[in-house]
file run15.csv (CSV, C-alpha atoms)
chain,number,residue,atom,x,y,z
N,1,MET,CA,121.6,157.8,-90.5
N,2,LYS,CA,123.0,159.9,-93.3
N,3,LYS,CA,121.5,159.2,-96.7
N,4,TYR,CA,123.0,159.8,-100.1
N,5,GLY,CA,121.8,160.3,-103.7
N,6,PHE,CA,123.3,160.4,-107.1
N,7,GLY,CA,122.7,162.9,-109.9
N,8,VAL,CA,123.5,162.0,-113.5
N,9,ASP,CA,123.5,164.4,-116.4
N,10,VAL,CA,123.7,162.5,-119.7
N,11,GLY,CA,125.2,164.5,-122.6
N,12,GLY,CA,126.1,163.4,-126.1
N,13,THR,CA,129.9,163.5,-125.2
N,14,THR,CA,130.1,162.9,-121.4
N,15,CYS,CA,127.9,161.8,-118.5
N,16,LYS,CA,128.4,164.2,-115.5
N,17,ILE,CA,127.8,162.4,-112.2
N,18,GLY,CA,127.6,163.7,-108.7
N,19,LEU,CA,127.4,162.1,-105.2
N,20,PHE,CA,125.2,164.1,-102.8
N,21,ASP,CA,124.1,164.0,-99.2
N,22,ASN,CA,120.4,164.6,-98.6
N,23,THR,CA,120.9,168.3,-97.9
N,24,GLY,CA,122.1,168.8,-101.5
N,25,VAL,CA,125.8,169.1,-100.8
N,26,ILE,CA,128.1,167.8,-103.5
N,27,LEU,CA,130.4,165.3,-102.0
N,28,ASP,CA,132.1,164.2,-105.2
N,29,LYS,CA,131.6,164.8,-108.9
N,30,TRP,CA,133.2,163.2,-112.0
N,31,GLU,CA,132.6,162.4,-115.7
N,32,ILE,CA,132.6,159.3,-117.8
N,33,LYS,CA,132.5,159.1,-121.6
N,34,THR,CA,129.1,158.7,-123.2
N,35,ASN,CA,129.4,155.7,-125.6
N,36,THR,CA,126.9,156.3,-128.3
N,37,GLU,CA,128.0,153.3,-130.4
N,38,ASN,CA,125.3,150.7,-131.1
N,39,ASN,CA,122.5,153.3,-130.4
N,40,GLY,CA,123.8,154.0,-127.0
N,41,ALA,CA,123.3,150.4,-125.9
N,42,SER,CA,126.1,150.5,-123.2
N,43,ILE,CA,125.3,153.9,-121.7
N,44,LEU,CA,123.2,152.7,-118.7
N,45,ASP,CA,125.7,149.8,-118.0
N,46,ASP,CA,128.5,152.3,-118.0
N,47,ILE,CA,126.6,154.5,-115.5
N,48,VAL,CA,125.9,151.5,-113.3
N,49,ALA,CA,129.6,150.5,-113.2
N,50,SER,CA,130.6,154.0,-112.4
N,51,LEU,CA,128.0,154.4,-109.5
N,52,GLU,CA,128.8,151.0,-108.1
N,53,GLY,CA,132.6,151.8,-108.2
N,54,LYS,CA,132.0,155.0,-106.4
N,55,MET,CA,129.9,153.4,-103.7
N,56,ALA,CA,132.6,150.8,-103.2
N,57,ASP,CA,135.4,153.4,-102.9
N,58,ALA,CA,133.3,155.5,-100.5
N,59,GLY,CA,132.2,152.6,-98.4
N,60,ILE,CA,128.5,153.4,-99.1
N,61,GLY,CA,126.0,150.6,-99.1
N,62,LYS,CA,122.9,150.6,-101.3
N,63,ASP,CA,120.7,150.8,-98.2
N,64,ASP,CA,122.3,154.2,-97.6
N,65,VAL,CA,121.3,155.6,-101.0
N,66,GLU,CA,117.9,157.0,-101.6
N,67,GLY,CA,118.1,156.8,-105.3
N,68,VAL,CA,119.5,158.0,-108.6
N,69,GLY,CA,118.2,161.0,-110.6
N,70,ILE,CA,119.1,161.3,-114.3
N,71,GLY,CA,118.7,164.0,-116.8
N,72,VAL,CA,118.6,163.1,-120.5
N,73,PRO,CA,118.6,165.1,-123.8
N,74,GLY,CA,115.0,164.4,-124.9
N,75,PRO,CA,111.4,164.4,-123.8
N,76,VAL,CA,110.5,162.3,-120.7
N,77,LYS,CA,107.1,161.1,-119.5
N,78,ASN,CA,106.1,160.1,-116.0
N,79,ASP,CA,109.7,160.6,-114.6
N,80,SER,CA,110.5,157.4,-116.4
N,81,ILE,CA,110.0,156.9,-120.1
N,82,VAL,CA,112.3,158.6,-122.6
N,83,CYS,CA,110.4,159.3,-125.8
N,84,GLN,CA,113.6,159.8,-128.0
N,85,CYS,CA,117.1,160.9,-127.5
N,86,VAL,CA,118.6,161.5,-131.0
N,87,ASN,CA,122.0,162.5,-129.7
N,88,LEU,CA,122.3,159.2,-127.8
N,89,GLY,CA,120.7,156.9,-130.3
N,90,TRP,CA,117.9,156.0,-128.0
N,91,GLY,CA,114.3,155.4,-129.1
N,92,THR,CA,111.4,155.2,-126.7
N,93,PHE,CA,112.0,153.0,-123.6
N,94,ASP,CA,111.6,153.1,-119.9
N,95,VAL,CA,115.0,154.4,-118.6
N,96,ALA,CA,113.9,154.5,-115.0
N,97,GLU,CA,112.7,150.9,-114.9
N,98,THR,CA,115.7,149.6,-116.9
N,99,LEU,CA,118.4,151.5,-114.8
N,100,SER,CA,116.6,150.6,-111.5
N,101,GLY,CA,116.6,146.9,-112.5
N,102,LYS,CA,120.4,147.1,-113.3
N,103,ILE,CA,121.5,148.9,-110.1
N,104,GLY,CA,118.8,147.9,-107.6
N,105,LEU,CA,118.0,151.5,-106.6
N,106,PRO,CA,115.0,153.8,-107.2
N,107,VAL,CA,115.5,155.9,-110.3
N,108,LYS,CA,113.7,159.0,-111.6
N,109,VAL,CA,114.4,160.6,-115.0
N,110,GLY,CA,113.8,164.1,-116.4
N,111,ASN,CA,114.6,166.1,-119.5
N,112,ASP,CA,118.1,167.7,-119.1
N,113,ALA,CA,116.9,171.3,-119.4
N,114,ASN,CA,114.0,170.7,-117.0
N,115,VAL,CA,116.4,169.0,-114.5
N,116,ALA,CA,118.8,172.0,-114.8
N,117,ALA,CA,115.9,174.2,-113.9
N,118,LEU,CA,115.2,172.2,-110.8
N,119,GLY,CA,118.8,172.6,-109.9
N,120,GLU,CA,118.7,176.4,-110.2
N,121,MET,CA,115.5,176.6,-108.2
N,122,TRP,CA,117.0,174.4,-105.5
N,123,LYS,CA,120.5,175.7,-105.1
N,124,GLY,CA,121.1,178.4,-107.7
N,125,GLY,CA,119.7,181.7,-109.1
N,126,GLY,CA,116.1,180.8,-108.2
N,127,GLN,CA,117.0,179.3,-104.8
N,128,GLY,CA,114.0,178.9,-102.6
N,129,CYS,CA,111.5,179.3,-105.4
N,130,LYS,CA,108.8,176.7,-105.7
N,131,ASN,CA,107.5,178.4,-108.9
N,132,GLY,CA,110.2,179.3,-111.4
N,133,VAL,CA,111.3,179.1,-115.0
N,134,MET,CA,114.8,178.6,-116.5
N,135,VAL,CA,115.7,179.7,-120.0
N,136,THR,CA,118.9,178.1,-121.2
N,137,LEU,CA,120.7,180.0,-123.9
N,138,GLY,CA,123.3,177.8,-125.6
N,139,THR,CA,123.7,176.3,-129.0
N,140,GLY,CA,119.9,176.1,-128.9
N,141,VAL,CA,117.4,177.5,-126.4
N,142,GLY,CA,116.0,175.2,-123.9
N,143,GLY,CA,114.3,175.6,-120.6
N,144,GLY,CA,112.2,174.2,-117.8
N,145,VAL,CA,109.1,175.2,-115.9
N,146,ILE,CA,108.8,174.4,-112.2
N,147,ILE,CA,105.4,174.8,-110.5
N,148,ASN,CA,104.9,174.0,-106.9
N,149,GLY,CA,108.4,172.3,-106.9
N,150,SER,CA,107.5,169.9,-109.8
N,151,ILE,CA,108.6,169.9,-113.4
N,152,ILE,CA,105.8,170.6,-115.9
N,153,GLY,CA,106.6,167.9,-118.4
N,154,GLY,CA,103.4,168.0,-120.6
N,155,VAL,CA,101.4,165.2,-122.1
N,156,HIS,CA,104.3,164.0,-124.4
N,157,GLY,CA,107.2,165.1,-122.2
N,158,ALA,CA,107.7,168.3,-124.3
N,159,GLY,CA,106.7,170.8,-121.7
N,160,GLY,CA,109.2,173.7,-121.2
N,161,GLU,CA,110.3,173.9,-124.8
N,162,ILE,CA,110.8,177.6,-124.4
N,163,GLY,CA,113.1,177.8,-127.4
N,164,HIS,CA,110.0,177.2,-129.6
N,165,ILE,CA,108.0,180.1,-128.4
N,166,THR,CA,107.2,182.2,-131.4
N,167,VAL,CA,108.6,185.7,-131.2
N,168,ASP,CA,108.5,186.7,-134.9
N,169,PRO,CA,105.9,184.9,-137.0
N,170,GLU,CA,107.7,186.0,-140.2
N,171,GLY,CA,111.2,185.3,-138.9
N,172,PHE,CA,113.8,182.8,-139.6
N,173,GLU,CA,113.0,179.1,-140.2
N,174,CYS,CA,113.7,176.9,-137.2
N,175,THR,CA,115.0,173.3,-137.2
N,176,CYS,CA,111.6,172.3,-135.8
N,177,GLY,CA,109.9,173.3,-139.1
N,178,LYS,CA,108.2,176.5,-138.1
N,179,ARG,CA,109.3,180.1,-138.3
N,180,GLY,CA,110.2,182.7,-135.7
N,181,CYS,CA,111.1,180.6,-132.8
N,182,LEU,CA,113.0,182.2,-129.9
N,183,GLU,CA,115.9,179.8,-130.6
N,184,THR,CA,116.5,181.3,-134.1
N,185,VAL,CA,117.4,184.7,-132.6
N,186,SER,CA,118.6,184.1,-129.1
N,187,SER,CA,120.7,181.0,-129.2
N,188,ALA,CA,124.5,181.4,-129.7
N,189,THR,CA,124.0,180.6,-133.4
N,190,GLY,CA,120.8,182.7,-133.5
N,191,VAL,CA,122.6,185.9,-132.2
N,192,VAL,CA,125.1,185.6,-135.1
N,193,ARG,CA,122.3,184.8,-137.6
N,194,LEU,CA,120.5,187.9,-136.5
N,195,GLY,CA,123.7,190.0,-136.7
N,196,ARG,CA,124.3,188.9,-140.3
N,197,TYR,CA,120.7,189.7,-141.2
N,198,LEU,CA,120.7,193.2,-139.7
N,199,ALA,CA,124.1,194.0,-141.2
N,200,GLU,CA,122.6,193.9,-144.7
N,201,GLU,CA,120.8,197.2,-144.0
N,202,TYR,CA,123.1,198.8,-141.5
N,203,ALA,CA,125.1,201.7,-143.0
N,204,GLY,CA,127.0,203.2,-140.1
N,205,ASP,CA,130.6,202.7,-138.9
N,206,SER,CA,131.1,199.5,-136.8
N,207,LYS,CA,133.8,197.0,-136.1
N,208,LEU,CA,131.2,194.2,-136.1
N,209,LYS,CA,129.6,195.4,-139.3
N,210,ALA,CA,133.1,195.4,-141.0
N,211,MET,CA,133.9,191.9,-139.7
N,212,LEU,CA,130.6,190.5,-141.0
N,213,ASP,CA,131.0,192.3,-144.4
N,214,ASN,CA,134.5,190.8,-144.7
N,215,GLY,CA,133.2,187.3,-144.0
N,216,GLU,CA,135.2,186.9,-140.8
N,217,GLU,CA,134.2,184.4,-138.2
N,218,VAL,CA,132.1,186.0,-135.5
N,219,THR,CA,130.6,184.4,-132.3
N,220,SER,CA,127.8,185.5,-130.0
N,221,LYS,CA,130.5,186.2,-127.4
N,222,ASP,CA,132.2,188.6,-129.8
N,223,ILE,CA,129.0,190.4,-130.5
N,224,PHE,CA,128.3,190.9,-126.7
N,225,GLU,CA,131.9,192.0,-126.0
N,226,MET,CA,131.8,194.6,-128.9
N,227,ALA,CA,128.4,195.8,-127.6
N,228,GLN,CA,130.0,196.3,-124.1
N,229,GLU,CA,132.7,198.3,-125.9
N,230,ASP,CA,129.9,200.6,-127.3
N,231,ASP,CA,130.1,199.4,-130.9
N,232,PRO,CA,126.9,200.9,-132.2
N,233,PHE,CA,125.9,198.0,-134.5
N,234,ALA,CA,126.7,195.4,-131.9
N,235,LEU,CA,124.5,197.3,-129.4
N,236,MET,CA,121.7,197.3,-132.0
N,237,VAL,CA,122.0,193.5,-132.4
N,238,VAL,CA,122.1,192.9,-128.6
N,239,ASP,CA,119.1,195.2,-128.2
N,240,ARG,CA,117.1,193.1,-130.7
N,241,VAL,CA,118.1,189.8,-129.0
N,242,CYS,CA,117.0,191.2,-125.7
N,243,PHE,CA,113.8,192.4,-127.2
N,244,TYR,CA,112.9,188.9,-128.3
N,245,LEU,CA,114.1,187.4,-125.0
N,246,GLY,CA,112.1,190.0,-123.0
N,247,LEU,CA,109.0,189.3,-125.0
N,248,ALA,CA,109.3,185.5,-124.5
N,249,CYS,CA,109.9,185.9,-120.8
N,250,ALA,CA,107.0,188.3,-120.5
N,251,ASN,CA,104.7,185.8,-122.1
N,252,LEU,CA,105.9,183.2,-119.7
N,253,GLY,CA,105.5,185.7,-116.8
N,254,ASN,CA,102.0,186.7,-117.9
N,255,THR,CA,100.9,183.0,-118.2
N,256,LEU,CA,102.7,181.5,-115.1
N,257,ASN,CA,103.6,184.4,-112.8
N,258,PRO,CA,106.7,182.5,-111.4
N,259,SER,CA,108.8,183.9,-108.6
N,260,SER,CA,111.9,183.9,-110.9
N,261,ILE,CA,112.8,183.5,-114.5
N,262,VAL,CA,116.4,182.5,-114.5
N,263,LEU,CA,118.7,183.0,-117.6
N,264,GLY,CA,121.4,180.4,-118.0
N,265,GLY,CA,123.6,178.8,-120.7
N,266,GLY,CA,126.6,180.1,-122.5
N,267,VAL,CA,125.0,183.3,-123.8
N,268,SER,CA,124.1,184.3,-120.2
N,269,ALA,CA,127.8,184.7,-119.6
N,270,ALA,CA,127.2,188.3,-120.7
N,271,GLY,CA,125.8,188.6,-117.2
N,272,GLU,CA,124.1,191.8,-116.0
N,273,PHE,CA,124.6,193.4,-119.4
N,274,LEU,CA,122.2,190.9,-120.8
N,275,ARG,CA,119.9,190.5,-117.7
N,276,SER,CA,119.2,194.2,-117.3
N,277,ARG,CA,118.2,194.6,-121.0
N,278,VAL,CA,116.0,191.6,-121.0
N,279,GLU,CA,114.4,192.9,-117.8
N,280,LYS,CA,113.7,196.2,-119.5
N,281,TYR,CA,111.6,194.6,-122.3
N,282,PHE,CA,110.1,192.1,-119.8
N,283,LYS,CA,108.7,195.0,-117.8
N,284,GLU,CA,107.4,196.6,-121.0
N,285,PHE,CA,105.4,193.5,-122.0
N,286,THR,CA,104.0,192.4,-118.6
N,287,PHE,CA,101.0,193.6,-116.7
N,288,PRO,CA,101.5,195.3,-113.3
N,289,GLN,CA,101.1,192.3,-110.9
N,290,VAL,CA,103.6,190.2,-112.9
N,291,ARG,CA,106.0,193.1,-113.4
N,292,GLU,CA,106.2,193.7,-109.7
N,293,SER,CA,106.4,190.0,-108.5
N,294,THR,CA,108.4,188.0,-111.1
N,295,LYS,CA,112.1,188.7,-111.2
N,296,ILE,CA,114.6,188.2,-114.0
N,297,LYS,CA,117.7,186.5,-112.6
N,298,LEU,CA,121.0,184.9,-113.7
N,299,ALA,CA,121.8,181.3,-113.3
N,300,GLU,CA,124.5,180.5,-110.7
N,301,LEU,CA,125.4,176.8,-111.0
N,302,GLY,CA,127.0,176.6,-114.4
N,303,ASN,CA,127.7,173.0,-115.5
N,304,ASP,CA,126.6,171.6,-112.1
N,305,ALA,CA,122.9,172.6,-112.5
N,306,GLY,CA,122.1,169.3,-114.3
N,307,ILE,CA,123.6,167.0,-111.6
N,308,ILE,CA,122.2,169.1,-108.8
N,309,GLY,CA,118.7,169.0,-110.3
N,310,ALA,CA,118.9,165.3,-111.1
N,311,ALA,CA,119.9,164.6,-107.5
N,312,SER,CA,116.9,166.6,-106.3
N,313,LEU,CA,114.7,164.0,-108.2
N,314,ALA,CA,116.2,161.2,-106.2
N,315,LEU,CA,116.5,162.7,-102.7
N,316,THR,CA,113.7,163.2,-100.2
N,317,ILE,CA,113.9,166.9,-99.8
N,318,ASP,CA,111.8,170.0,-99.7
N,319,ASN,CA,112.2,171.3,-103.2
call {"tool": "encode", "arguments": {"input": "run15.csv", "output": "structure tokens"}}
result
Amino acid sequence: MKKYGFGVDVGGTTCKIGLFDNTGVILDKWEIKTNTENNGASILDDIVASLEGKMADAGIGKDDVEGVGIGVPGPVKNDSIVCQCVNLGWGTFDVAETLSGKIGLPVKVGNDANVAALGEMWKGGGQGCKNGVMVTLGTGVGGGVIINGSIIGGVHGAGGEIGHITVDPEGFECTCGKRGCLETVSSATGVVRLGRYLAEEYAGDSKLKAMLDNGEEVTSKDIFEMAQEDDPFALMVVDRVCFYLGLACANLGNTLNPSSIVLGGGVSAAGEFLRSRVEKYFKEFTFPQVRESTKIKLAELGNDAGIIGAASLALTIDN
């Protein structure tokens, strides 16, 4: 008998939801609004209503569903307990037990970045890898570490916080309270921050330099596009970003020796232009066995990584 599973990716604005068969094929996907009023009190009820509505429409009984996997924006312990989700208004509580009680299905929970990593290792850039790392380059820098097919969550659910690897001990102050985190120089905002800092001492001709000097709005996308057009200062900024990323990836590689380190998130839209430069520094900072066996790759699943990884938590599959 064919079995099904649901993957849910809870964000601060919307919850992305997918219906999957047990081979990982997406049969349907949709979104519902994330209602953060009253400290997110109705979020789980809204998810239950959406899942039960989809099962009714598709003629799927609960006996045909293996379970529900859910990714949330916060630390998670034991595939179940959310320690805090500031963006949702949630404090510490057992999301798996609560949701399971409401819907009558098994539930597993994971941090959203870790779950996205599972998705990429199952169906994306790291497909087929039981040992892999994902680095997500967005507004911040997140990530996930997968060893032998399982998420490394850590004792407090904070495992895989790649954005807080120190790459410059005397660097910019991070929102976490310490200095020099990868996130401060390689997130979308960090790339721009680094550009503004380096522009203070750059004296050559450059479109990017002129825009920054004039106080114009600049994004990380702009910086990468100008670098691809051979703007000398933009190339310098991108090179420094890739130095920091390559250093962080090398430290991960030297510690874990995963099959793949997958770069995802908005900044990774720069594609091979970014990947090849990160790989150059990665190779510089790794020892031979890691240099030869760990590959730097690009994510492939985009916004579906979260629901695919969440579904893999729920389904009986070979991860």
call {"tool": "closest_residue", "arguments": {"input": "run15.csv", "among": "N:Met55, N:Ile26, N:Ile43, N:Ala227", "to": "N:Ile307", "atoms": "all atoms listed in the file"}}
result
N:Ile26
call {"tool": "residues_around", "arguments": {"input": "run15.csv", "residues": "N:Gly71", "least_positions_apart": "5", "cutoff": "6 Å", "atoms": "only C-alpha atoms", "output": "list in words"}}
result
Asp9, Val10, Val109, Gly110, Asn111, Asp112, Val115 and Ala310 of chain N
call {"tool": "residues_around", "arguments": {"input": "run15.csv", "residues": "stretch 21-23 of chain N", "least_positions_apart": "2", "cutoff": "9 Å", "atoms": "all atoms listed in the file", "output": "list of chain:residue names"}}
result
N:Lys2, N:Lys3, N:Tyr4, N:Gly5, N:Phe6, N:Leu19, N:Val25, N:Ile26, N:Leu27, N:Glu66, N:Ala311, N:Ser312, N:Leu315, N:Thr316, N:Ile317
call {"tool": "write_last_selection", "arguments": {"input": "run15.csv", "atoms": "C-alpha atoms", "output": "PDB file, in the frame of the given file"}}
result
ATOM      1  CA  LYS N   2     123.000 159.900 -93.300  1.00  0.00           C
ATOM      2  CA  LYS N   3     121.500 159.200 -96.700  1.00  0.00           C
ATOM      3  CA  TYR N   4     123.000 159.800-100.100  1.00  0.00           C
ATOM      4  CA  GLY N   5     121.800 160.300-103.700  1.00  0.00           C
ATOM      5  CA  PHE N   6     123.300 160.400-107.100  1.00  0.00           C
ATOM      6  CA  LEU N  19     127.400 162.100-105.200  1.00  0.00           C
ATOM      7  CA  VAL N  25     125.800 169.100-100.800  1.00  0.00           C
ATOM      8  CA  ILE N  26     128.100 167.800-103.500  1.00  0.00           C
ATOM      9  CA  LEU N  27     130.400 165.300-102.000  1.00  0.00           C
ATOM     10  CA  GLU N  66     117.900 157.000-101.600  1.00  0.00           C
ATOM     11  CA  ALA N 311     119.900 164.600-107.500  1.00  0.00           C
ATOM     12  CA  SER N 312     116.900 166.600-106.300  1.00  0.00           C
ATOM     13  CA  LEU N 315     116.500 162.700-102.700  1.00  0.00           C
ATOM     14  CA  THR N 316     113.700 163.200-100.200  1.00  0.00           C
ATOM     15  CA  ILE N 317     113.900 166.900 -99.800  1.00  0.00           C
TER      16      ILE N 317
END
call {"tool": "atom_distance", "arguments": {"input": "run15.csv", "atom1": "atom CA of N:Pro169", "atom2": "atom CA of N:Cys181"}}
result
7.9 Å
call {"tool": "closest_residue", "arguments": {"input": "run15.csv", "among": "N:Glu201, N:Glu31, N:Ile261, N:Gly132", "to": "N:Ile152", "atoms": "all atoms listed in the file"}}
result
N:Gly132
call {"tool": "residues_around", "arguments": {"input": "run15.csv", "residues": "N:Gly246", "least_positions_apart": "5", "cutoff": "6 Å", "atoms": "all atoms listed in the file", "output": "PyMOL selection string"}}
result
chain N and resi 278+281-282
call {"tool": "closest_residue", "arguments": {"input": "run15.csv", "among": "N:Leu212, N:Leu44, N:Ala199, N:Ala117", "to": "N:Gly142", "atoms": "all atoms listed in the file"}}
result
N:Ala117
call {"tool": "atom_distance", "arguments": {"input": "run15.csv", "atom1": "atom CA of N:Trp30", "atom2": "atom CA of N:Ile17"}}
result
5.5 Å
call {"tool": "residues_near_point", "arguments": {"input": "run15.csv", "point": "(120.5, 161.3, -133.1)", "cutoff": "12 Å", "atoms": "only C-alpha atoms", "output": "number ranges by chain"}}
result
N: 11-12, 36-40, 73-74, 84-91
call {"tool": "residues_around", "arguments": {"input": "run15.csv", "residues": "N:Asp239", "least_positions_apart": "6", "cutoff": "12 Å", "atoms": "only C-alpha atoms", "output": "list in words"}}
result
Val185, Ser186, Val191, Leu194, Gly195, Leu198, Ile223, Phe224, Ala227, Gln228, Pro232, Phe233, Leu245, Gly246, Phe273, Leu274, Arg275, Ser276, Arg277, Val278, Glu279, Lys280 and Tyr281 of chain N
call {"tool": "atom_distance", "arguments": {"input": "run15.csv", "atom1": "atom CA of N:Pro106", "atom2": "atom CA of N:Val76"}}
result
16.6 Å
call {"tool": "residues_around", "arguments": {"input": "run15.csv", "residues": "N:Val82", "least_positions_apart": "5", "cutoff": "7 Å", "atoms": "all atoms listed in the file", "output": "list in words"}}
result
Gly74, Pro75, Val76, Lys77, Thr92, Phe93, Asp94 and Val95 of chain N
call {"tool": "closest_residue", "arguments": {"input": "run15.csv", "among": "N:Gln289, N:Lys62, N:Ala234, N:Ile32", "to": "N:Tyr202", "atoms": "all atoms listed in the file"}}
result
N:Ala234
call {"tool": "residues_near_point", "arguments": {"input": "run15.csv", "point": "(105.1, 191.1, -118.1)", "cutoff": "7 Å", "atoms": "all atoms listed in the file", "output": "list of chain:residue names"}}
result
N:Ala250, N:Asn251, N:Gly253, N:Asn254, N:Phe282, N:Lys283, N:Glu284, N:Phe285, N:Thr286, N:Phe287, N:Val290, N:Arg291
call {"tool": "closest_residue", "arguments": {"input": "run15.csv", "among": "N:Ala269, N:Cys15, N:Leu313, N:Val241", "to": "N:Leu118", "atoms": "all atoms listed in the file"}}
result
N:Leu313
call {"tool": "closest_residue", "arguments": {"input": "run15.csv", "among": "N:Tyr244, N:Leu208, N:Gly302, N:Leu99", "to": "N:Asp168", "atoms": "all atoms listed in the file"}}
result
N:Tyr244
call {"tool": "build_atoms", "arguments": {"input": "run15.csv", "residues": "stretch 48-55 of chain N", "atoms": "all heavy atoms", "output": "PDB file, keeping the file's coordinate frame"}}
result
ATOM      1  N   VAL N  48     125.980 152.447-114.402  1.00  0.00           N
ATOM      2  CA  VAL N  48     125.900 151.500-113.300  1.00  0.00           C
ATOM      3  C   VAL N  48     127.280 151.171-112.749  1.00  0.00           C
ATOM      4  O   VAL N  48     127.539 151.202-111.532  1.00  0.00           O
ATOM      5  CB  VAL N  48     125.131 150.236-113.667  1.00  0.00           C
ATOM      6  CG1 VAL N  48     125.266 149.166-112.583  1.00  0.00           C
ATOM      7  CG2 VAL N  48     123.666 150.539-113.909  1.00  0.00           C
ATOM      8  N   ALA N  49     128.197 150.844-113.655  1.00  0.00           N
ATOM      9  CA  ALA N  49     129.600 150.500-113.200  1.00  0.00           C
ATOM     10  C   ALA N  49     130.223 151.642-112.503  1.00  0.00           C
ATOM     11  O   ALA N  49     130.910 151.442-111.487  1.00  0.00           O
ATOM     12  CB  ALA N  49     130.385 150.088-114.466  1.00  0.00           C
ATOM     13  N   SER N  50     130.006 152.865-112.985  1.00  0.00           N
ATOM     14  CA  SER N  50     130.600 154.000-112.400  1.00  0.00           C
ATOM     15  C   SER N  50     130.020 154.286-110.966  1.00  0.00           C
ATOM     16  O   SER N  50     130.749 154.560-110.002  1.00  0.00           O
ATOM     17  CB  SER N  50     130.423 155.260-113.242  1.00  0.00           C
ATOM     18  OG  SER N  50     131.102 156.381-112.715  1.00  0.00           O
ATOM     19  N   LEU N  51     128.696 154.171-110.846  1.00  0.00           N
ATOM     20  CA  LEU N  51     128.000 154.400-109.500  1.00  0.00           C
ATOM     21  C   LEU N  51     128.453 153.330-108.536  1.00  0.00           C
ATOM     22  O   LEU N  51     128.743 153.631-107.369  1.00  0.00           O
ATOM     23  CB  LEU N  51     126.526 154.404-109.715  1.00  0.00           C
ATOM     24  CG  LEU N  51     125.920 155.518-110.581  1.00  0.00           C
ATOM     25  CD1 LEU N  51     124.395 155.415-110.578  1.00  0.00           C
ATOM     26  CD2 LEU N  51     126.360 156.890-110.110  1.00  0.00           C
ATOM     27  N   GLU N  52     128.465 152.085-108.975  1.00  0.00           N
ATOM     28  CA  GLU N  52     128.800 151.000-108.100  1.00  0.00           C
ATOM     29  C   GLU N  52     130.296 151.111-107.642  1.00  0.00           C
ATOM     30  O   GLU N  52     130.645 150.829-106.487  1.00  0.00           O
ATOM     31  CB  GLU N  52     128.529 149.656-108.693  1.00  0.00           C
ATOM     32  CG  GLU N  52     127.035 149.391-108.818  1.00  0.00           C
ATOM     33  CD  GLU N  52     126.695 148.028-109.385  1.00  0.00           C
ATOM     34  OE1 GLU N  52     127.541 147.438-110.095  1.00  0.00           O
ATOM     35  OE2 GLU N  52     125.557 147.550-109.125  1.00  0.00           O
ATOM     36  N   GLY N  53     131.153 151.544-108.567  1.00  0.00           N
ATOM     37  CA  GLY N  53     132.600 151.800-108.200  1.00  0.00           C
ATOM     38  C   GLY N  53     132.726 152.854-107.190  1.00  0.00           C
ATOM     39  O   GLY N  53     133.515 152.735-106.252  1.00  0.00           O
ATOM     40  N   LYS N  54     131.942 153.939-107.353  1.00  0.00           N
ATOM     41  CA  LYS N  54     132.000 155.000-106.400  1.00  0.00           C
ATOM     42  C   LYS N  54     131.520 154.617-105.017  1.00  0.00           C
ATOM     43  O   LYS N  54     132.117 154.983-103.993  1.00  0.00           O
ATOM     44  CB  LYS N  54     131.218 156.243-106.908  1.00  0.00           C
ATOM     45  CG  LYS N  54     131.284 157.483-106.027  1.00  0.00           C
ATOM     46  CD  LYS N  54     132.709 157.998-105.865  1.00  0.00           C
ATOM     47  CE  LYS N  54     133.304 158.447-107.196  1.00  0.00           C
ATOM     48  NZ  LYS N  54     134.654 159.060-107.001  1.00  0.00           N
ATOM     49  N   MET N  55     130.415 153.854-104.979  1.00  0.00           N
ATOM     50  CA  MET N  55     129.900 153.400-103.700  1.00  0.00           C
ATOM     51  C   MET N  55     130.927 152.488-102.986  1.00  0.00           C
ATOM     52  O   MET N  55     131.127 152.594-101.767  1.00  0.00           O
ATOM     53  CB  MET N  55     128.583 152.627-103.885  1.00  0.00           C
ATOM     54  CG  MET N  55     127.405 153.541-104.150  1.00  0.00           C
ATOM     55  SD  MET N  55     125.803 152.678-104.146  1.00  0.00           S
ATOM     56  CE  MET N  55     125.858 151.907-105.765  1.00  0.00           C
TER      57      MET N  55
END
